[in-house]
file start.csv (CSV, C-alpha atoms)
chain,number,residue,atom,x,y,z
G,652,MET,CA,115.9,106.3,196.7
G,653,SER,CA,116.8,103.0,198.2
G,654,PHE,CA,118.4,100.1,196.3
G,655,GLY,CA,118.1,97.6,199.1
G,656,CYS,CA,120.3,94.5,199.0
G,657,ILE,CA,122.6,94.1,196.0
G,658,PRO,CA,121.7,90.8,194.2
G,659,ASP,CA,124.5,88.2,194.0
G,660,ASN,CA,124.5,88.4,190.2
G,661,VAL,CA,125.6,92.1,190.4
G,662,LYS,CA,128.3,91.6,193.1
G,663,ALA,CA,131.8,91.1,191.9
G,664,PRO,CA,133.2,87.7,192.8
G,665,THR,CA,135.8,87.8,195.6
G,666,GLU,CA,138.6,86.4,193.3
G,667,SER,CA,138.3,89.6,191.2
G,668,LEU,CA,139.7,91.6,194.1
G,669,SER,CA,143.1,89.8,193.7
G,670,TYR,CA,143.3,90.4,189.9
G,671,ASN,CA,146.5,92.1,188.7
G,672,PRO,CA,146.3,93.1,185.1
G,673,PRO,CA,149.4,92.4,182.9
G,674,PRO,CA,151.7,95.3,182.3
G,675,ASN,CA,150.6,95.8,178.7
G,676,ILE,CA,147.1,96.5,179.9
G,677,ILE,CA,148.3,99.1,182.4
G,678,PHE,CA,150.7,100.9,180.2
G,679,PHE,CA,152.5,100.6,176.9
G,680,GLY,CA,154.7,102.7,174.6
G,681,LYS,CA,157.2,105.4,175.2
G,682,GLY,CA,157.3,109.1,175.6
G,683,LYS,CA,154.6,111.0,173.8
G,684,SER,CA,153.3,107.9,172.1
G,685,ALA,CA,152.7,106.1,175.4
G,686,GLN,CA,149.2,105.0,176.4
G,687,ARG,CA,148.1,104.5,180.0
G,688,PHE,CA,144.9,102.7,180.8
G,689,ILE,CA,145.2,102.4,184.6
G,690,PHE,CA,146.3,105.5,186.5
G,691,ARG,CA,145.7,104.8,190.2
G,692,ASN,CA,148.2,102.8,192.4
G,693,GLN,CA,150.8,102.6,189.5
G,694,GLN,CA,154.4,103.5,189.0
G,695,LEU,CA,154.8,106.4,186.5
G,696,SER,CA,157.4,106.5,183.8
G,697,GLU,CA,160.2,109.1,184.0
G,698,PHE,CA,158.6,111.0,181.0
G,699,GLU,CA,155.2,111.0,182.8
G,700,ASN,CA,156.7,112.3,186.1
G,701,ASP,CA,158.6,115.0,184.2
G,702,LYS,CA,155.6,116.3,182.3
G,703,LEU,CA,153.4,116.1,185.4
G,704,SER,CA,155.9,118.1,187.4
G,705,ARG,CA,155.9,120.7,184.7
G,706,LEU,CA,152.1,121.0,184.9
G,707,GLU,CA,152.1,121.2,188.6
G,708,GLN,CA,154.7,124.0,188.5
G,709,GLU,CA,152.6,125.9,186.0
G,710,LEU,CA,149.5,125.5,188.2
G,711,LYS,CA,151.5,126.7,191.2
G,712,LYS,CA,152.7,129.8,189.3
G,713,SER,CA,149.0,130.7,188.8
G,714,ASN,CA,148.2,130.0,192.5
G,715,ILE,CA,146.1,127.0,191.6
G,716,ASN,CA,146.3,124.3,194.2
G,717,ILE,CA,144.4,121.5,192.4
G,718,TYR,CA,144.8,119.1,195.3
G,719,GLN,CA,143.1,121.5,197.6
G,720,LEU,CA,140.3,122.2,195.1
G,721,HIS,CA,139.9,118.5,194.5
G,722,PRO,CA,140.9,116.8,197.7
G,723,THR,CA,140.2,113.2,196.5
G,724,TRP,CA,142.7,113.6,193.6
G,725,ASP,CA,146.3,112.7,193.6
G,726,ARG,CA,149.1,113.3,191.0
G,727,LYS,CA,147.9,110.5,188.8
G,728,ASP,CA,144.5,112.1,188.3
G,729,ILE,CA,146.2,115.3,187.1
G,730,LEU,CA,148.3,113.1,184.7
G,731,ARG,CA,145.1,112.5,182.7
G,732,PHE,CA,145.1,116.2,181.7
G,733,CYS,CA,148.7,115.7,180.3
G,734,TYR,CA,147.6,112.7,178.3
G,735,GLY,CA,144.4,114.5,177.1
G,736,THR,CA,146.3,117.5,175.8
G,737,GLY,CA,149.0,115.7,174.0
G,738,TRP,CA,151.6,116.6,176.6
G,739,LYS,CA,151.3,120.3,176.0
G,740,THR,CA,151.8,121.9,179.4
G,741,ARG,CA,150.2,125.3,178.7
G,742,THR,CA,147.2,123.6,177.1
G,743,ALA,CA,146.9,121.2,180.0
G,744,LYS,CA,146.9,124.1,182.4
G,745,GLU,CA,144.2,125.9,180.4
G,746,VAL,CA,142.1,122.8,180.4
G,747,VAL,CA,142.5,122.4,184.2
G,748,VAL,CA,141.4,126.0,184.7
G,749,LYS,CA,138.4,125.5,182.4
G,750,TYR,CA,137.5,122.3,184.2
G,751,LEU,CA,137.6,123.9,187.6
G,752,LYS,CA,135.4,126.8,186.4
G,753,TRP,CA,132.9,124.4,184.8
G,754,LYS,CA,132.8,122.3,188.0
G,755,GLN,CA,132.2,125.4,190.2
G,756,THR,CA,129.5,126.6,187.9
G,757,MET,CA,127.7,123.3,187.1
G,758,MET,CA,128.3,121.3,190.3
G,759,PRO,CA,128.8,123.7,193.3
G,760,GLN,CA,127.8,120.9,195.7
G,761,GLY,CA,129.6,118.1,193.8
G,762,SER,CA,127.6,115.5,191.9
G,763,LEU,CA,124.6,116.1,194.1
G,764,SER,CA,124.1,119.4,192.1
G,765,LEU,CA,123.2,117.3,189.1
G,766,TYR,CA,120.4,115.4,190.7
G,767,PRO,CA,117.7,118.0,190.3
G,768,ARG,CA,118.5,118.3,186.6
G,769,VAL,CA,118.3,114.6,185.8
G,770,SER,CA,115.8,113.4,188.4
G,771,LYS,CA,112.8,114.1,186.2
G,772,ILE,CA,114.3,112.0,183.4
G,773,LEU,CA,115.7,109.2,185.6
G,774,VAL,CA,113.5,108.6,188.6
G,775,LYS,CA,110.0,108.1,187.1
G,776,PRO,CA,111.3,106.3,184.0
G,777,ILE,CA,113.4,103.9,186.0
G,778,GLN,CA,110.6,103.1,188.5
G,779,GLU,CA,107.8,102.9,185.9
G,780,THR,CA,109.4,101.6,182.8
G,781,GLY,CA,112.6,99.9,183.6
G,782,SER,CA,114.6,102.2,181.3
G,783,ILE,CA,117.8,101.8,183.3
G,784,TYR,CA,118.9,98.8,185.2
G,785,ILE,CA,122.0,96.7,186.1
G,786,HIS,CA,122.1,93.2,184.7
G,787,GLY,CA,125.0,91.3,186.1
G,788,ARG,CA,128.6,91.6,185.1
G,789,ASP,CA,130.6,90.9,181.9
G,790,SER,CA,133.5,88.5,181.7
G,791,HIS,CA,135.9,91.1,183.2
G,792,TYR,CA,133.5,91.6,186.2
G,793,ARG,CA,132.4,95.1,185.1
G,794,PRO,CA,128.8,95.9,185.8
G,795,ILE,CA,126.5,95.8,182.8
G,796,MET,CA,124.2,98.8,182.8
G,797,VAL,CA,121.3,98.6,180.4
G,798,ILE,CA,119.9,102.0,179.2
G,799,ASN,CA,116.9,101.6,177.0
G,800,PHE,CA,116.3,105.1,175.5
G,801,ASN,CA,113.1,103.9,173.7
G,802,ARG,CA,111.5,103.7,177.2
G,803,PHE,CA,112.2,107.3,178.1
G,804,ASN,CA,109.4,109.7,177.6
G,805,ILE,CA,111.3,112.9,177.0
G,806,LYS,CA,108.2,114.9,176.0
G,807,LYS,CA,107.0,114.7,179.7
G,808,VAL,CA,110.3,116.2,181.0
G,809,ARG,CA,111.1,119.0,178.6
G,810,SER,CA,111.6,121.6,181.4
G,811,ILE,CA,115.1,120.5,182.0
call {"tool": "encode", "arguments": {"input": "start.csv", "output": "structure tokens"}}
result
Amino acid sequence: MSFGCIPDNVKAPTESLSYNPPPNIIFFGKGKSAQRFIFRNQQLSEFENDKLSRLEQELKKSNINIYQLHPTWDRKDILRFCYGTGWKTRTAKEVVVKYLKWKQTMMPQGSLSLYPRVSKILVKPIQETGSIYIHGRDSHYRPIMVINFNRFNIKKVRSI
């Protein structure tokens, strides 16, 4: 499927590339009550580094090299598991293991594994009915994706 040229109304303006969010949008709070919204290319707090090191040690004890299994990830991606499990290291390790098993089962070839499952729903409805389309950007330069579920004909694709 070819998308051709990207229309100007969908492209992010060049000034958006130099945007640096204020610190309270990146991270606020302390310790277990902290909340991080931006993970990549950021300094981690001492608490986050400590908890993340503990999780990495637990994974290493179980011979799980998450960075080898997920080569595009770095430490800050693993930090999301710490946040998601309320900083409980054993629980975070269990969730990482479950995630890896799920990924190997559901997506052995990465995200391309999902295409056969969703193509019947997406390809024809998109081309014929306009059920999914991008319509410019919001005030924060995020793409606006419109999904009109009323235009999907699920009865035709029940075999999924």
call {"tool": "closest_residue", "arguments": {"input": "start.csv", "among": "G:Val797, G:Ile729, G:Val769, G:Leu706", "to": "Phe690 (chain G)", "atoms": "all atoms listed in the file"}}
result
G:Ile729
call {"tool": "closest_residue", "arguments": {"input": "start.csv", "among": "G:Cys656, G:Leu765, G:Ile689, G:Leu703", "to": "Pro672 (chain G)", "atoms": "all atoms listed in the file"}}
result
G:Ile689
call {"tool": "closest_residue", "arguments": {"input": "start.csv", "among": "G:Ile657, G:Leu695, G:Leu751, G:Cys733", "to": "Tyr718 (chain G)", "atoms": "all atoms listed in the file"}}
result
G:Leu751
call {"tool": "atom_distance", "arguments": {"input": "start.csv", "atom1": "CA of Ala743 (chain G)", "atom2": "CA of Asp701 (chain G)"}}
result
13.9 Å
call {"tool": "closest_residue", "arguments": {"input": "start.csv", "among": "G:Gly737, G:Gly787, G:Gly761, G:Pro767", "to": "Ser684 (chain G)", "atoms": "all atoms listed in the file"}}
result
G:Gly737
call {"tool": "closest_residue", "arguments": {"input": "start.csv", "among": "G:Arg793, G:His721, G:Lys711, G:Arg687", "to": "Ser667 (chain G)", "atoms": "only C-alpha atoms"}}
result
G:Arg793
call {"tool": "atom_distance", "arguments": {"input": "start.csv", "atom1": "CA of Tyr670 (chain G)", "atom2": "CA of Ile795 (chain G)"}}
result
19.0 Å
call {"tool": "residues_around", "arguments": {"input": "start.csv", "residues": "Lys662 (chain G)", "least_positions_apart": "6", "cutoff": "9 Å", "atoms": "only C-alpha atoms", "output": "ChimeraX atom specification"}}
result
/G:787-788,792,794
call {"tool": "closest_residue", "arguments": {"input": "start.csv", "among": "G:Gln760, G:Asp659, G:Thr723, G:Gln693", "to": "Pro674 (chain G)", "atoms": "all atoms listed in the file"}}
result
G:Gln693
call {"tool": "atom_distance", "arguments": {"input": "start.csv", "atom1": "CA of Tyr750 (chain G)", "atom2": "CA of Leu720 (chain G)"}}
result
11.3 Å
